[in-house]
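Here is start_23.txt, consisting of compact mmCIF, C-alpha atoms:
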# COMPACT_ATOMS: atom_id res chain seq x y z
CA MET A 235 80.58 89.20 196.37
CA ALA A 236 80.51 87.58 199.79
CA SER A 237 78.03 84.84 200.52
CA ILE A 238 75.79 85.27 203.60
CA LYS A 239 73.67 82.22 204.44
CA PRO A 240 71.73 80.98 207.49
CA HIS A 241 73.64 78.56 209.69
CA GLY A 242 71.28 77.11 212.27
CA ASP A 243 70.17 80.07 214.35
CA GLN A 244 73.22 82.08 213.21
CA TRP A 245 74.69 83.37 209.93
CA ARG A 246 77.72 82.12 207.97
CA ALA A 247 79.71 84.61 205.89
CA GLN A 248 82.02 83.28 203.16
CA VAL A 249 84.54 85.36 201.23
CA ALA A 250 86.37 84.18 198.08
CA ARG A 251 88.43 86.96 196.56
CA LYS A 252 91.80 87.10 194.77
CA GLY A 253 92.73 83.61 195.89
CA VAL A 254 91.82 84.25 199.53
CA ARG A 255 89.03 82.13 201.02
CA LYS A 256 87.65 82.84 204.50
CA SER A 257 84.48 82.03 206.40
CA ALA A 258 83.05 82.84 209.82
CA VAL A 259 79.80 82.38 211.74
CA TRP A 260 78.09 85.38 213.40
CA PRO A 261 75.00 85.79 215.62
CA THR A 262 73.30 88.22 213.23
CA LYS A 263 73.20 88.80 209.50
CA ARG A 264 74.34 92.39 209.99
CA GLU A 265 77.51 91.29 211.81
CA ALA A 266 78.23 88.67 209.16
CA LEU A 267 77.85 91.22 206.36
CA ALA A 268 80.03 93.75 208.17
CA TRP A 269 82.78 91.17 208.67
CA ALA A 270 82.65 90.09 205.03
CA THR A 271 82.84 93.68 203.84
CA ARG A 272 85.86 94.38 206.07
CA VAL A 273 87.69 91.24 204.90
CA GLU A 274 87.08 92.06 201.21
CA ALA A 275 88.43 95.57 201.77
CA GLU A 276 91.55 94.16 203.46
CA ILE A 277 92.10 91.77 200.56
CA ASP A 278 91.75 94.56 198.01
CA ALA A 279 94.20 96.67 200.02
CA GLY A 280 96.72 93.83 200.07
CA ALA A 281 96.57 93.29 203.81
CA GLN A 282 95.65 89.66 203.22
CA ARG A 283 97.02 87.53 200.41
CA GLY A 284 96.02 84.17 199.12
CA HIS A 285 98.42 81.50 197.96
CA THR A 286 101.52 82.83 196.26
CA LEU A 287 102.90 81.97 192.85
CA GLN A 288 105.85 80.18 194.47
CA GLU A 289 103.50 78.05 196.58
CA ALA A 290 101.65 77.00 193.43
CA ILE A 291 104.92 76.19 191.66
CA ASN A 292 106.19 74.12 194.58
CA LYS A 293 102.95 72.16 194.80
CA TYR A 294 102.91 71.53 191.05
CA LEU A 295 106.52 70.31 191.03
CA GLU A 296 105.81 68.02 193.98
CA SER A 297 102.46 66.56 192.90
CA VAL A 298 102.15 66.92 189.12
CA SER A 299 105.61 66.99 187.50
CA PRO A 300 106.68 63.56 188.88
CA THR A 301 103.77 61.96 186.99
CA LYS A 302 105.32 62.98 183.67
CA ALA A 303 108.12 61.09 181.96
CA ASN A 304 111.49 62.85 182.13
CA ALA A 305 109.95 66.30 182.68
CA THR A 306 110.80 67.45 186.20
CA GLN A 307 114.15 69.14 185.51
CA TRP A 308 112.92 71.05 182.46
CA GLU A 309 109.78 72.17 184.25
CA ALA A 310 111.74 73.25 187.32
CA ARG A 311 113.99 75.46 185.18
CA ARG A 312 111.05 77.02 183.35
CA PHE A 313 109.16 77.67 186.59
CA ALA A 314 112.25 79.28 188.14
CA ALA A 315 112.48 81.76 185.27
CA PHE A 316 108.72 82.38 185.43
CA ALA A 317 108.88 83.12 189.16
CA GLN A 318 111.89 85.39 188.67
CA HIS A 319 109.91 87.45 186.15
CA PHE A 320 106.90 87.98 188.44
CA GLY A 321 108.64 88.05 191.80
CA ASP A 322 107.01 87.28 195.15
CA VAL A 323 103.36 87.90 194.26
CA ALA A 324 100.04 86.36 195.19
CA LEU A 325 98.83 83.90 192.60
CA ALA A 326 95.60 85.85 192.14
CA GLU A 327 97.55 89.03 191.28
CA ILE A 328 98.70 87.52 187.98
CA ASP A 329 96.10 88.48 185.38
CA SER A 330 95.85 88.30 181.60
CA GLU A 331 97.56 91.69 181.20
CA ALA A 332 100.55 90.56 183.26
CA LEU A 333 100.79 87.34 181.27
CA GLY A 334 100.63 89.32 178.04
CA ASN A 335 103.59 91.41 179.20
CA TRP A 336 105.49 88.23 180.09
CA ARG A 337 104.73 86.81 176.62
CA ASP A 338 106.04 89.92 174.88
CA ALA A 339 109.20 89.90 176.98
CA ARG A 340 109.89 86.25 176.19
CA LEU A 341 109.33 86.75 172.45
CA LYS A 342 112.24 89.20 172.42
CA THR A 343 114.66 86.38 173.29
CA VAL A 344 113.05 83.08 172.21
CA SER A 345 110.88 81.78 169.38
CA GLY A 346 107.12 81.49 169.32
CA SER A 347 107.34 77.70 169.60
CA THR A 348 109.38 77.99 172.80
CA VAL A 349 106.84 80.39 174.29
CA LEU A 350 104.01 77.99 173.37
CA ARG A 351 105.76 75.10 175.14
CA GLU A 352 106.15 77.23 178.27
CA VAL A 353 102.55 78.46 178.05
CA ASN A 354 101.30 74.87 178.00
CA LEU A 355 103.15 74.22 181.26
CA PHE A 356 102.12 77.41 183.07
CA ARG A 357 98.55 77.29 181.81
CA ASN A 358 98.20 73.76 183.14
CA MET A 359 99.40 74.88 186.57
CA PHE A 360 96.86 77.74 186.68
CA LYS A 361 94.12 75.40 185.46
CA ILE A 362 94.82 72.90 188.24
CA ALA A 363 95.07 75.73 190.79
CA HIS A 364 91.63 76.87 189.65
CA LYS A 365 89.72 73.62 189.19
CA GLU A 366 91.42 71.19 191.58
CA TRP A 367 93.11 73.17 194.33
CA ARG A 368 90.46 75.91 194.41
CA TRP A 369 93.13 78.56 194.82
CA LEU A 370 91.77 80.73 192.00
CA ASP A 371 88.33 81.76 190.81
CA THR A 372 89.39 81.72 187.14
CA SER A 373 92.46 80.95 185.05
CA PRO A 374 94.35 84.13 184.05
CA PHE A 375 95.38 82.58 180.73
CA ASP A 376 91.80 82.86 179.45
CA GLY A 377 91.87 85.45 176.68
CA VAL A 378 95.68 85.74 176.41
CA ARG A 379 96.79 85.86 172.77
CA LEU A 380 99.39 83.22 171.92
CA PRO A 381 102.15 83.50 169.31
CA GLU A 382 102.16 81.37 166.21
CA GLU A 383 104.25 78.24 166.18
CA ASN A 384 107.46 78.36 164.16
CA PRO A 385 107.30 77.04 160.60
CA ALA A 386 108.32 73.40 160.37
CA ARG A 387 112.02 72.90 159.71
CA GLU A 388 112.90 71.68 156.23
CA THR A 389 116.63 71.02 156.55
CA VAL A 390 118.16 67.55 156.31
CA TRP A 391 121.72 66.39 156.63
CA GLY A 392 123.57 65.98 153.32
CA TRP A 393 126.17 63.27 152.86
CA LYS A 394 129.02 65.82 152.65
CA GLU A 395 128.13 67.31 156.03
CA ILE A 396 127.57 63.87 157.55
CA ARG A 397 131.01 62.68 156.45
CA ARG A 398 132.66 65.82 157.83
CA VAL A 399 131.08 65.23 161.23
CA LEU A 400 131.81 61.51 161.37
CA GLN A 401 135.36 61.69 159.99
CA ALA A 402 136.51 64.61 162.15
CA PRO A 403 139.28 63.33 164.48
CA ARG A 404 137.85 63.66 167.97
CA SER A 405 138.18 61.79 171.27
CA GLY A 406 136.42 61.50 174.61
CA LYS A 407 132.84 62.63 174.90
CA THR A 408 132.87 64.40 171.54
CA ALA A 409 133.71 61.06 169.92
CA GLN A 410 130.77 59.56 171.81
CA MET A 411 128.52 62.20 170.23
CA GLN A 412 129.85 61.29 166.79
CA ALA A 413 128.86 57.67 167.47
CA ALA A 414 125.46 58.79 168.77
CA PHE A 415 124.95 60.88 165.62
CA ARG A 416 125.71 57.87 163.41
CA ILE A 417 123.14 55.79 165.30
CA ALA A 418 120.52 58.55 165.06
CA LEU A 419 121.00 58.73 161.29
CA HIS A 420 120.19 55.02 160.98
CA THR A 421 117.40 54.74 163.54
CA GLY A 422 115.64 58.12 163.79
CA LEU A 423 116.18 58.22 167.56
CA ARG A 424 116.30 61.44 169.53
CA MET A 425 119.54 62.29 171.32
CA GLN A 426 118.28 61.34 174.79
CA GLU A 427 117.01 58.04 173.40
CA VAL A 428 120.32 57.20 171.73
CA LEU A 429 122.23 57.84 174.93
CA THR A 430 119.94 55.69 177.10
CA CYS A 431 118.69 52.87 174.85
CA ARG A 432 119.81 49.25 174.83
CA TYR A 433 119.76 46.72 172.01
CA ASP A 434 118.11 43.32 172.35
CA PRO A 435 119.92 41.06 169.82
CA VAL A 436 117.45 38.20 170.34
CA ARG A 437 114.35 40.22 169.52
CA LYS A 438 116.31 42.53 167.20
CA VAL A 439 114.70 45.61 168.70
CA LEU A 440 115.83 48.69 170.55
CA VAL A 441 114.51 49.12 174.08
CA LEU A 442 114.02 52.73 175.14
CA PRO A 443 113.85 53.20 178.93
CA ILE A 444 113.23 56.90 178.45
CA SER A 445 111.06 57.96 175.55
CA LYS A 446 109.08 61.12 174.95
CA GLY A 447 105.68 60.87 176.63
CA LYS A 448 106.33 57.34 177.94
CA ARG A 449 107.01 56.09 181.43
CA ARG A 450 107.59 52.42 180.57
CA PRO A 451 110.23 50.81 178.34
CA VAL A 452 109.32 50.98 174.65
CA ALA A 453 110.52 48.48 172.04
CA MET A 454 111.04 49.75 168.51
CA PRO A 455 111.99 47.89 165.32
CA VAL A 456 115.42 48.40 163.80
CA VAL A 457 116.42 48.14 160.14
CA THR A 458 119.08 45.56 159.28
CA ARG A 459 121.76 48.12 158.45
CA ALA A 460 121.49 49.75 161.87
CA ARG A 461 121.98 46.52 163.81
CA LYS A 462 125.70 46.52 163.03
CA LEU A 463 126.02 49.80 164.93
CA LEU A 464 124.05 48.52 167.91
CA ASP A 465 125.63 45.12 168.56
CA PRO A 466 127.53 45.89 170.65
CA LEU A 467 126.07 49.27 171.58
CA PRO A 468 128.66 51.95 172.46
CA SER A 469 128.96 52.83 176.13
CA PHE A 470 127.85 56.43 176.53
CA THR A 471 128.92 58.46 179.56
CA VAL A 472 127.75 61.84 178.25
CA GLY A 473 124.37 63.33 179.18
CA ALA A 474 121.92 64.93 176.77
CA ASN A 475 122.58 68.54 177.83
CA GLU A 476 126.34 68.19 177.68
CA GLY A 477 126.09 66.16 174.49
CA SER A 478 124.02 68.84 172.79
CA ALA A 479 126.62 71.48 173.64
CA LEU A 480 129.48 69.27 172.44
CA PHE A 481 127.76 68.48 169.15
CA SER A 482 126.92 72.14 168.50
CA ARG A 483 130.55 73.07 169.19
CA LEU A 484 131.75 70.37 166.78
CA CYS A 485 129.46 71.66 164.02
CA SER A 486 130.66 75.21 164.66
CA GLU A 487 134.30 74.13 164.39
CA LEU A 488 133.52 72.38 161.10
CA LEU A 489 131.69 75.50 159.81
CA ILE A 490 128.40 73.59 159.53
CA ASN A 491 125.54 76.02 160.09
CA GLY A 492 121.77 75.60 160.18
CA LEU A 493 121.82 71.91 161.12
CA THR A 494 121.21 70.30 164.51
CA PHE A 495 121.49 66.86 166.04
CA HIS A 496 117.69 66.60 166.03
CA ASP A 497 117.70 67.09 162.25
CA ALA A 498 119.29 63.63 162.09
CA ARG A 499 115.92 62.20 163.13
CA ALA A 500 114.14 63.88 160.21
CA THR A 501 116.99 62.86 157.88
CA ALA A 502 116.71 59.21 158.94
CA LEU A 503 112.92 59.10 158.62
CA THR A 504 113.03 60.81 155.22
CA LEU A 505 115.50 58.22 153.94
CA LEU A 506 113.59 55.31 155.48
CA SER A 507 110.35 56.53 153.87
CA ARG A 508 111.75 55.49 150.48
CA LYS A 509 111.93 51.86 151.60
CA MET A 510 108.73 51.28 153.59
CA ASP A 511 105.09 52.21 153.89
CA ALA A 512 103.85 55.05 156.08
CA LEU A 513 102.42 52.79 158.82
CA THR A 514 105.70 50.91 159.23
CA LEU A 515 107.59 54.19 159.32
CA ALA A 516 105.20 55.46 162.00
CA ARG A 517 105.92 52.39 164.14
CA ILE A 518 109.63 53.13 163.86
CA SER A 519 109.23 56.83 164.64
CA ARG A 520 106.53 56.10 167.28
CA HIS A 521 104.17 58.73 165.90
CA LYS A 522 100.49 58.16 166.60
CA ASP A 523 99.53 61.04 164.32
CA LEU A 524 100.65 60.56 160.72
CA ASN A 525 100.12 64.28 160.09
CA ILE A 526 102.91 65.12 162.54
CA LEU A 527 105.20 62.60 160.85
CA MET A 528 104.39 64.12 157.47
CA LYS A 529 104.61 67.75 158.57
CA ARG A 530 107.62 67.63 160.87
CA TYR A 531 109.88 64.78 159.89
CA TYR A 532 109.29 63.85 156.24
CA ARG A 533 111.41 66.46 154.49
CA GLU A 534 111.87 65.23 150.94
CA THR A 535 111.52 68.06 148.43
CA PRO A 536 109.21 67.94 145.37
CA GLU A 537 112.32 67.95 143.17
CA GLN A 538 113.74 64.90 144.95
CA ILE A 539 110.42 63.07 144.64
CA SER A 540 110.19 63.89 140.92
CA ALA A 541 113.72 62.56 140.36
CA ARG A 542 112.66 59.17 141.71
CA LEU A 543 109.42 58.87 139.74
Target encoding structure tokens, full file:
Amino acid sequence: MASIKPHGDQWRAQVARKGVRKSAVWPTKREALAWATRVEAEIDAGAQRGHTLQEAINKYLESVSPTKANATQWEARRFAAFAQHFGDVALAEIDSEALGNWRDARLKTVSGSTVLREVNLFRNMFKIAHKEWRWLDTSPFDGVRLPEENPARETVWGWKEIRRVLQAPRSGKTAQMQAAFRIALHTGLRMQEVLTCRYDPVRKVLVLPISKGKRRPVAMPVVTRARKLLDPLPSFTVGANEGSALFSRLCSELLINGLTFHDARATALTLLSRKMDALTLARISRHKDLNILMKRYYRETPEQISARL
């Protein structure tokens, strides 16, 4: 509904509808009401549009994404696919039904966990557009059913598979990924962290210039056995995206299925858990929530635990 309020000896009419906000001052209340009614009808008919989805995406990428560590490229790719799905529409035209259709379409090609990660990004944009930019009256994600997250992975690298990867004769960037994989198995680092870290031999710590959720260098402790691999640290010229493709291709050539580079992190932390307490392990893995460490990365089976007791 339009708002009609006195403005001195005149009347101000304000319209906020479907992302369009307009106001005007008229000599009489009747003229103000007539103008507001006409503008609302034009908005409903599509003659006037508020901010578009692409405008919201551009503003988010310019003002919000740069405040996050190592997130801009991933967010730009996800937003591009999101915009391609909806086309050139006004932001206010995207409602819960449209988002539900987008969710169902995505679930045909990706997992529930992937959809949840994308939802967190898009929902944050709509929330900011609603509460901070005042481009929307409500967030369209309110009431949208979300898929369940994928069950936690349970796979770990066995020594036979590890030896096959490390002993396969390779050169160039694939050989760099073999070296990165060896380091990950001893440190629990993610691929991006392995490829960008540096080793401080004086402090005996790894310094991570790029770490998940961090914007400043992070120092992490290193077990004695891993220091031999880090001093000197191999010179990596491969990026994370290319490295992931190369490692997947290597595993495929070696007929290793169901295992990923990231599983090396869980493998390392599971092995390290046998030698140290949970708090020390959390400092190495940089987990603030021990439940996540336990649920996601500690993958020892009951049978393996029983064998050690």
For A:Pro240, which of A:Ala339, A:Ala512, A:Ala266, A:Val254 is the closest residue, counting all atoms listed in the file?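 Of all the options, A:Ala266 lies closest to A:Pro240.
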Between atom CA of A:Leu442 and atom CA of A:Glu309, what distance in Å does the model show, to one decimal?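 One can read the atom CA of A:Leu442 to atom CA of A:Glu309 distance as 21.9 Å.
Among the candidates A:Glu265, A:Val428, A:Glu331, A:Ala324, the residue lying nearest to A:Thr471 is A:Val428 (atoms considered: all atoms listed in the file).
Here atom CA of A:Ile490 stands at a distance of 26.5 Å from atom CA of A:Thr430.
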With distances taken over all atoms listed in the file, which residue among A:Glu366, A:Asp497, A:Glu276, A:Asp434 lies nearest A:Val456?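 Nearest candidate to A:Val456 out of A:Glu366, A:Asp497, A:Glu276, A:Asp434: A:Asp434.
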State, in Å with one decimal place, the distance from atom CA of A:Ala474 to atom CA of A:Gln410.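 Taking atom CA of A:Ala474 and atom CA of A:Gln410, their separation equals 11.5 Å.
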A:Arg368: which residues within 12 Å, counting all atoms listed in the file, same-chain residues fewer than 3 positions away excluded, as an MDAnalysis selection string? chainID A and resid 250:255 284:285 290 325:326 359:365 371:373
Filtering to C-alpha atoms, could you give me those residues as a PDB file, in the coordinates of the input?
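Dumped to result14.pdb:
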ATOM      1  CA  ALA A 250      86.370  84.180 198.080  1.00  0.00           C
ATOM      2  CA  ARG A 251      88.430  86.960 196.560  1.00  0.00           C
ATOM      3  CA  LYS A 252      91.800  87.100 194.770  1.00  0.00           C
ATOM      4  CA  GLY A 253      92.730  83.610 195.890  1.00  0.00           C
ATOM      5  CA  VAL A 254      91.820  84.250 199.530  1.00  0.00           C
ATOM      6  CA  ARG A 255      89.030  82.130 201.020  1.00  0.00           C
ATOM      7  CA  GLY A 284      96.020  84.170 199.120  1.00  0.00           C
ATOM      8  CA  HIS A 285      98.420  81.500 197.960  1.00  0.00           C
ATOM      9  CA  ALA A 290     101.650  77.000 193.430  1.00  0.00           C
ATOM     10  CA  LEU A 325      98.830  83.900 192.600  1.00  0.00           C
ATOM     11  CA  ALA A 326      95.600  85.850 192.140  1.00  0.00           C
ATOM     12  CA  MET A 359      99.400  74.880 186.570  1.00  0.00           C
ATOM     13  CA  PHE A 360      96.860  77.740 186.680  1.00  0.00           C
ATOM     14  CA  LYS A 361      94.120  75.400 185.460  1.00  0.00           C
ATOM     15  CA  ILE A 362      94.820  72.900 188.240  1.00  0.00           C
ATOM     16  CA  ALA A 363      95.070  75.730 190.790  1.00  0.00           C
ATOM     17  CA  HIS A 364      91.630  76.870 189.650  1.00  0.00           C
ATOM     18  CA  LYS A 365      89.720  73.620 189.190  1.00  0.00           C
ATOM     19  CA  ASP A 371      88.330  81.760 190.810  1.00  0.00           C
ATOM     20  CA  THR A 372      89.390  81.720 187.140  1.00  0.00           C
ATOM     21  CA  SER A 373      92.460  80.950 185.050  1.00  0.00           C
TER      22      SER A 373
END
From the list A:Val378, A:Val390, A:Ala502, A:Leu333, which residue is nearest A:Ile417 when using only C-alpha atoms? A:Ala502
Residue among A:Leu489, A:Leu513, A:Leu506, A:Met528 lying closest to A:Arg398, counting all atoms listed in the file: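 Comparing A:Leu489, A:Leu513, A:Leu506, A:Met528 against A:Arg398, the winner is A:Leu489.
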Spatial neighbours of stretch 514-524 of chain A, 10 Å, only C-alpha atoms, chain gap at least 6 places, as a count of residues only: 22
Name the residues, using the chain letters and numbers of the file, that sit within 9 Å of (83.9, 90.2, 207.9) when counting all atoms listed in the file, and give them as a list in words.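 Answer for this query, in the requested form: Ala247, Gln248, Val249, Lys256, Ser257, Ala258, Glu265, Ala266, Leu267, Ala268, Trp269, Ala270, Thr271, Arg272, Val273 and Glu274 of chain A.
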Taking (101.4, 76.1, 173.1) in the file's coordinates, which residues come within 12 Å, counting only C-alpha atoms, written as a list in words?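 Returned residue set, sorted by chain then number, is Arg337, Ser345, Gly346, Ser347, Thr348, Val349, Leu350, Arg351, Glu352, Val353, Asn354, Leu355, Phe356, Arg357, Asn358, Phe375, Val378, Arg379, Leu380, Pro381, Glu382, Glu383 and Asn384 of chain A.
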A:Gln538, A:Ser482, A:Thr494, A:Ser237 ranked by distance to A:Arg387, top pick (using only C-alpha atoms): A:Thr494
If you count all atoms listed in the file, which residues fall within 10 Å of A:Phe320, apart from same-chain ones fewer than 4 positions away, as JSON, numbers by chain? {"A": [287, 288, 315, 316, 324, 325, 327, 328, 332, 333, 336]}
